[in-house]
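Shown next: run_14.cif, given as mmCIF, C-alpha atoms.
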data_query
loop_
_atom_site.label_atom_id
_atom_site.label_comp_id
_atom_site.auth_asym_id
_atom_site.auth_seq_id
_atom_site.Cartn_x
_atom_site.Cartn_y
_atom_site.Cartn_z
CA MET A 636 -16.64 -12.37 22.07
CA ILE A 637 -16.45 -12.64 18.31
CA PRO A 638 -18.24 -10.01 16.19
CA ASN A 639 -21.81 -10.80 15.19
CA VAL A 640 -22.71 -8.10 12.71
CA ALA A 641 -20.83 -5.99 10.17
CA VAL A 642 -22.29 -2.82 8.69
CA LEU A 643 -21.12 -1.72 5.26
CA GLU A 644 -22.08 1.34 3.26
CA ILE A 645 -20.51 2.63 0.08
CA ALA A 646 -21.67 5.72 -1.75
CA ASN A 647 -20.40 8.02 -4.47
CA PRO A 648 -22.01 10.98 -6.25
CA HIS A 649 -23.54 8.65 -8.89
CA PHE A 650 -24.37 5.60 -6.81
CA ARG A 651 -25.51 4.98 -3.29
CA MET A 652 -25.55 1.46 -1.93
CA PRO A 653 -28.09 0.82 0.80
CA ARG A 654 -26.52 0.23 4.19
CA LEU A 655 -25.81 -3.49 4.47
CA TRP A 656 -26.15 -5.26 7.79
CA ILE A 657 -24.18 -8.47 7.38
CA PRO A 658 -24.92 -11.09 10.02
CA LEU A 659 -21.46 -12.52 10.66
CA ILE A 660 -22.95 -15.16 12.92
CA LEU A 661 -24.16 -16.91 9.76
CA LEU A 662 -20.58 -16.87 8.53
CA TRP A 663 -19.04 -18.26 11.70
CA LEU A 664 -21.17 -21.41 11.71
CA PRO A 665 -20.10 -22.76 8.26
CA LEU A 666 -16.58 -21.46 8.92
CA ALA A 667 -16.42 -23.46 12.13
CA VAL A 668 -17.41 -26.61 10.19
CA LEU A 669 -14.80 -25.80 7.53
CA LEU A 670 -12.11 -25.24 10.16
CA LEU A 671 -13.00 -28.57 11.73
CA LEU A 672 -12.59 -30.31 8.37
CA LEU A 673 -9.33 -28.50 7.66
CA SER A 674 -8.00 -28.91 11.18
CA PRO A 675 -5.24 -31.43 10.24
CA ILE A 676 -3.84 -29.05 7.59
CA LEU A 677 -4.24 -26.05 9.89
CA PHE A 678 -2.46 -27.96 12.64
CA ILE A 679 0.55 -28.47 10.34
CA ILE A 680 0.50 -24.77 9.33
CA VAL A 681 0.30 -23.65 12.95
CA CYS A 682 3.15 -26.03 13.88
CA ALA A 683 5.23 -24.64 10.99
CA ILE A 684 4.62 -21.07 12.18
CA SER A 685 5.48 -22.12 15.71
CA MET A 686 8.74 -23.78 14.63
CA THR A 687 9.72 -20.73 12.56
CA THR A 688 8.97 -18.17 15.22
CA GLY A 689 9.64 -20.27 18.31
CA VAL A 690 6.19 -19.51 19.72
CA GLY A 691 3.94 -22.29 21.03
CA PRO A 692 1.11 -23.46 18.71
CA PHE A 693 -1.57 -22.73 21.30
CA ARG A 694 -0.22 -19.20 21.66
CA VAL A 695 -0.48 -18.73 17.89
CA VAL A 696 -4.12 -19.88 17.95
CA ARG A 697 -4.81 -17.65 20.97
CA ILE A 698 -3.31 -14.58 19.25
CA PHE A 699 -5.48 -15.07 16.15
CA TRP A 700 -8.52 -15.68 18.35
CA ASP A 701 -7.75 -12.50 20.31
CA ILE A 702 -7.56 -10.50 17.08
CA LEU A 703 -10.89 -11.91 15.91
CA SER A 704 -12.52 -11.25 19.28
CA SER A 705 -11.22 -7.71 19.55
CA LEU A 706 -12.59 -6.61 16.18
CA ARG A 707 -15.88 -5.65 17.82
CA GLY A 708 -16.31 -1.91 18.02
CA THR A 709 -14.16 -1.14 15.00
CA ASP A 710 -15.59 1.80 13.12
CA VAL A 711 -14.09 3.21 9.93
CA ARG A 712 -15.67 6.14 8.07
CA VAL A 713 -13.95 7.73 5.11
CA THR A 714 -15.34 10.57 3.03
CA ALA A 715 -13.37 11.91 0.09
CA ASN A 716 -14.32 13.63 -3.16
CA GLY A 717 -17.99 12.87 -2.60
CA ASN A 718 -17.24 9.19 -2.03
CA LYS A 719 -18.18 7.68 1.28
CA VAL A 720 -17.24 4.36 2.87
CA LEU A 721 -18.51 3.12 6.21
CA VAL A 722 -17.43 -0.11 7.86
CA ARG A 723 -18.56 -1.00 11.35
CA ILE A 724 -18.09 -4.24 13.19
CA LEU A 725 -20.53 -4.89 16.01
CA MET B 821 -29.89 14.90 50.24
CA ASN B 822 -28.41 12.72 52.99
CA GLU B 823 -28.24 13.62 56.69
CA ASN B 824 -24.53 14.55 56.79
CA ARG B 825 -24.86 16.88 53.84
CA ARG B 826 -27.93 18.52 55.41
CA GLN B 827 -26.07 19.05 58.73
CA ILE B 828 -23.13 20.69 56.95
CA LEU B 829 -25.44 23.02 55.05
CA GLU B 830 -27.36 23.87 58.24
CA MET B 831 -24.08 24.66 60.01
CA LEU B 832 -23.11 26.88 57.09
CA ALA B 833 -26.50 28.60 57.16
CA ALA B 834 -26.20 29.14 60.92
CA GLY B 835 -22.77 30.69 60.42
CA LYS B 836 -21.02 28.02 62.52
CA ILE B 837 -18.63 27.18 59.68
CA THR B 838 -17.27 29.15 56.76
CA ALA B 839 -18.03 28.38 53.09
CA ASP B 840 -14.49 26.97 52.66
CA GLU B 841 -14.92 24.62 55.59
CA ALA B 842 -18.30 23.52 54.26
CA ASP B 843 -16.75 22.89 50.87
CA ARG B 844 -14.00 20.75 52.42
CA LEU B 845 -16.52 18.80 54.49
CA LEU B 846 -18.76 18.19 51.47
CA ALA B 847 -15.75 17.09 49.44
CA ALA B 848 -14.81 14.67 52.23
CA LEU B 849 -18.27 13.10 51.93
CA GLU B 850 -17.73 12.30 48.26
CA PRO B 851 -16.48 8.75 47.61
CA GLU B 852 -12.84 8.64 46.44
CA PRO B 853 -12.42 7.43 42.88
CA THR B 854 -10.19 4.32 42.85
CA ALA B 855 -7.70 3.66 40.09
CA THR B 856 -7.18 0.19 38.71
CA ALA B 857 -4.82 -1.31 36.20
CA GLY B 858 -5.43 -0.26 32.64
CA GLU B 859 -6.79 3.16 33.53
CA PHE B 860 -5.34 6.36 32.24
CA THR B 861 -5.47 9.83 33.58
CA GLY B 862 -6.22 12.56 31.11
CA ASN B 863 -6.70 16.25 31.69
CA ILE B 864 -9.69 17.42 29.73
CA ALA B 865 -9.26 21.11 29.22
CA GLY B 866 -12.50 23.01 29.23
CA SER B 867 -14.57 20.15 30.60
CA LYS B 868 -17.79 21.18 32.31
CA GLY B 869 -18.84 20.15 35.76
CA TRP B 870 -22.39 19.47 36.98
CA SER B 871 -22.91 23.14 37.66
CA GLY B 872 -21.64 24.08 34.22
CA ASN B 873 -18.43 25.60 35.63
CA ASP B 874 -15.22 25.20 33.72
CA MET B 875 -13.32 22.74 35.86
CA GLY B 876 -10.29 21.70 33.80
CA ALA B 877 -10.99 18.41 35.53
CA THR B 878 -8.71 15.43 35.74
CA VAL B 879 -10.73 12.31 35.03
CA LYS B 880 -9.81 8.67 35.41
CA THR B 881 -11.47 6.35 32.97
CA HIS B 882 -10.89 3.20 30.97
CA ALA B 883 -9.69 3.89 27.46
CA LYS B 884 -11.60 1.47 25.27
CA TYR B 885 -10.96 2.90 21.84
CA LEU B 886 -8.30 4.75 19.94
CA ARG B 887 -9.81 7.30 17.60
CA VAL B 888 -8.04 8.86 14.66
CA LEU B 889 -9.70 11.84 13.00
CA VAL B 890 -8.27 13.36 9.86
CA GLU B 891 -9.84 16.38 8.22
CA SER B 892 -8.31 17.94 5.17
CA THR B 893 -9.47 20.40 2.58
CA GLU B 894 -8.33 19.51 -0.90
CA LYS B 895 -9.05 21.00 -4.30
CA ASN B 896 -11.74 18.38 -4.98
CA GLY B 897 -13.48 18.95 -1.66
CA PRO B 898 -13.11 18.03 1.98
CA THR B 899 -11.71 14.65 2.99
CA THR B 900 -12.50 13.17 6.36
CA VAL B 901 -11.28 9.97 7.92
CA ASN B 902 -12.79 8.82 11.16
CA VAL B 903 -11.38 5.56 12.51
CA ARG B 904 -12.21 3.99 15.84
CA VAL B 905 -10.06 1.03 16.81
CA PRO B 906 -10.66 -1.01 19.97
CA MET B 907 -7.68 -0.97 22.33
CA GLN B 908 -7.97 -4.75 22.56
CA LEU B 909 -7.23 -4.95 18.84
CA LEU B 910 -4.07 -2.89 19.32
CA ARG B 911 -2.97 -5.15 22.15
CA ALA B 912 -3.67 -8.24 20.03
CA GLY B 913 -1.78 -6.63 17.15
CA VAL B 914 1.26 -6.08 19.34
CA ARG B 915 1.09 -9.74 20.40
CA LEU B 916 0.86 -10.67 16.71
CA ALA B 917 4.16 -8.87 16.16
CA SER B 918 5.77 -11.49 18.37
CA LEU B 919 5.06 -14.05 15.61
CA ILE B 920 7.21 -12.16 13.11
CA PRO B 921 10.57 -13.96 12.73
CA GLN B 922 13.68 -12.18 14.02
CA GLN B 923 15.15 -11.89 10.49
CA ALA B 924 12.02 -10.06 9.32
CA HIS B 925 12.23 -7.82 12.40
CA ASP B 926 15.80 -6.89 11.50
CA GLN B 927 14.85 -6.13 7.90
CA LEU B 928 11.87 -4.04 9.01
CA ASP B 929 13.96 -2.09 11.52
CA GLU B 930 16.60 -1.43 8.86
CA THR B 931 14.02 -0.25 6.32
CA LEU B 932 12.29 1.95 8.90
CA SER B 933 15.56 3.57 9.96
CA LYS B 934 16.40 4.18 6.28
CA HIS B 935 13.14 6.12 6.01
CA GLY B 936 13.91 8.15 9.10
CA VAL B 937 11.92 6.13 11.63
CA PRO B 938 14.40 4.86 14.21
CA LEU B 939 12.11 2.20 15.67
CA THR B 940 12.95 -1.28 16.91
CA LEU B 941 9.81 -3.33 16.44
CA SER B 942 11.00 -6.21 18.61
CA GLN B 943 11.10 -3.83 21.56
CA ILE B 944 7.41 -2.99 21.27
CA LYS B 945 5.63 -5.11 23.84
CA PRO B 946 2.10 -5.00 25.31
CA GLU B 947 3.54 -3.25 28.40
CA ASN B 948 4.89 -0.49 26.14
CA LEU B 949 1.47 -0.13 24.57
CA GLU B 950 -0.11 0.36 28.00
CA GLU B 951 2.49 3.04 28.69
CA LEU B 952 1.68 4.66 25.36
CA ILE B 953 -2.05 4.61 26.14
CA ASP B 954 -1.32 6.16 29.53
CA HIS B 955 0.56 9.01 27.94
CA LEU B 956 -1.63 9.43 24.89
CA GLY B 957 -4.42 11.17 26.79
CA ASP B 958 -5.66 13.76 24.40
CA LEU B 959 -3.22 14.47 21.62
CA THR B 960 -3.96 16.86 18.80
CA VAL B 961 -1.64 17.24 15.85
CA ASP B 962 -2.24 19.98 13.28
CA VAL B 963 -0.60 19.42 9.94
CA ASP B 964 -0.35 22.29 7.46
CA ALA B 965 0.53 21.53 3.86
CA LYS B 966 1.42 24.12 1.23
CA GLU B 967 -1.97 24.44 -0.41
CA GLU B 968 -4.04 22.15 1.74
CA LYS B 969 -4.80 22.29 5.39
CA ALA B 970 -5.08 19.01 7.22
CA LYS B 971 -5.92 18.41 10.83
CA VAL B 972 -5.07 15.12 12.46
CA ARG B 973 -6.36 14.26 15.89
CA VAL B 974 -5.48 11.10 17.77
CA PHE B 975 -6.98 10.36 21.15
CA CYS B 976 -8.26 7.62 23.44
CA GLU B 977 -11.87 7.42 24.55
#
Encoded form (structure tokens):
Amino acid sequence: MIPNVAVLEIANPHFRMPRLWIPLILLWLPLAVLLLLLSPILFIIVCAISMTTGVGPFRVVRIFWDILSSLRGTDVRVTANGNKVLVRIL
Amino acid sequence: MNENRRQILEMLAAGKITADEADRLLAALEPEPTATAGEFTGNIAGSKGWSGNDMGATVKTHAKYLRVLVESTEKNGPTTVNVRVPMQLLRAGVRLASLIPQQAHDQLDETLSKHGVPLTLSQIKPENLEELIDHLGDLTVDVDAKEEKAKVRVFCE
């Protein structure tokens, strides 16, 4: 299942951004329309990748889909020198 | 408490069986954990049982995430990195490596070996990753620098 929400927080000693809850679902819908419109170009790109690597075009699409789907649960928190970055994908 | 358990405890109380025999009988009543593909076995040192006893138990569970914790103390203050990566993303990443052309693989391998990492990327396959996950268990690496102390911990959860 593709990720639905991303959480982003950036803070430093002088500035603290409120925690942002980004609804990715709103991004996927226009992106799906865009992908549909660009599908002929994307098809050529995917075929080019397939010819270069010798991997089937459907496998290429599947691999990218798998990467997108498996992003859920990613959690990155970095704190250094009073700076703090939080990225979560839900 | 079910009937079998009660009978064993009554037999123990009546002195018909010893504590060891009762323990074995009670253990036999417990359902056997079954292992399936994708599970790993990790020994959790110092893990606590229900009674709070130190068991050093061997648990079988699905590893869903790889966690990397880095803690270091620098001159400017402490630095912490806490990254949780889904195992599925690692598997997908390994599959993505199959899209890299052979020429690029060769160049990467050459560059890595130049930098002292004798690794052949084309040999890393999802099966190898499963093996790695199996053996990763609970790995702790302590890194000491000259003036800074850094602790790196990598484990599956």
At most 7 Å to chain A: residues in chain B, only C-alpha atoms, as a ChimeraX atom specification: /B:896-906,908-909,912-913,915-916,919-921
Near-stretch 825-831 of chain B list (12 Å; all atoms listed in the file; drop same-chain fewer than 2 positions) as number ranges by chain: B: 821-823, 833-850
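For the pair atom CA of A:Ala683 and atom CA of B:Glu947, the separation is 27.6 Å.
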Which of B:Leu939, B:Ala924, B:Ile944, B:Leu910 sits closest to B:Leu886 [using only C-alpha atoms]: B:Leu910
Result set, the PyMOL selection byres ((chain B and resi 892) around 8) on current file, as a list of chain:residue names: B:Val890, B:Glu891, B:Thr893, B:Glu894, B:Pro898, B:Thr899, B:Thr900, B:Glu968, B:Lys969, B:Ala970, B:Lys971
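As for atom CA of B:Tyr885 and atom CA of B:His955, they are spaced 14.4 Å apart.
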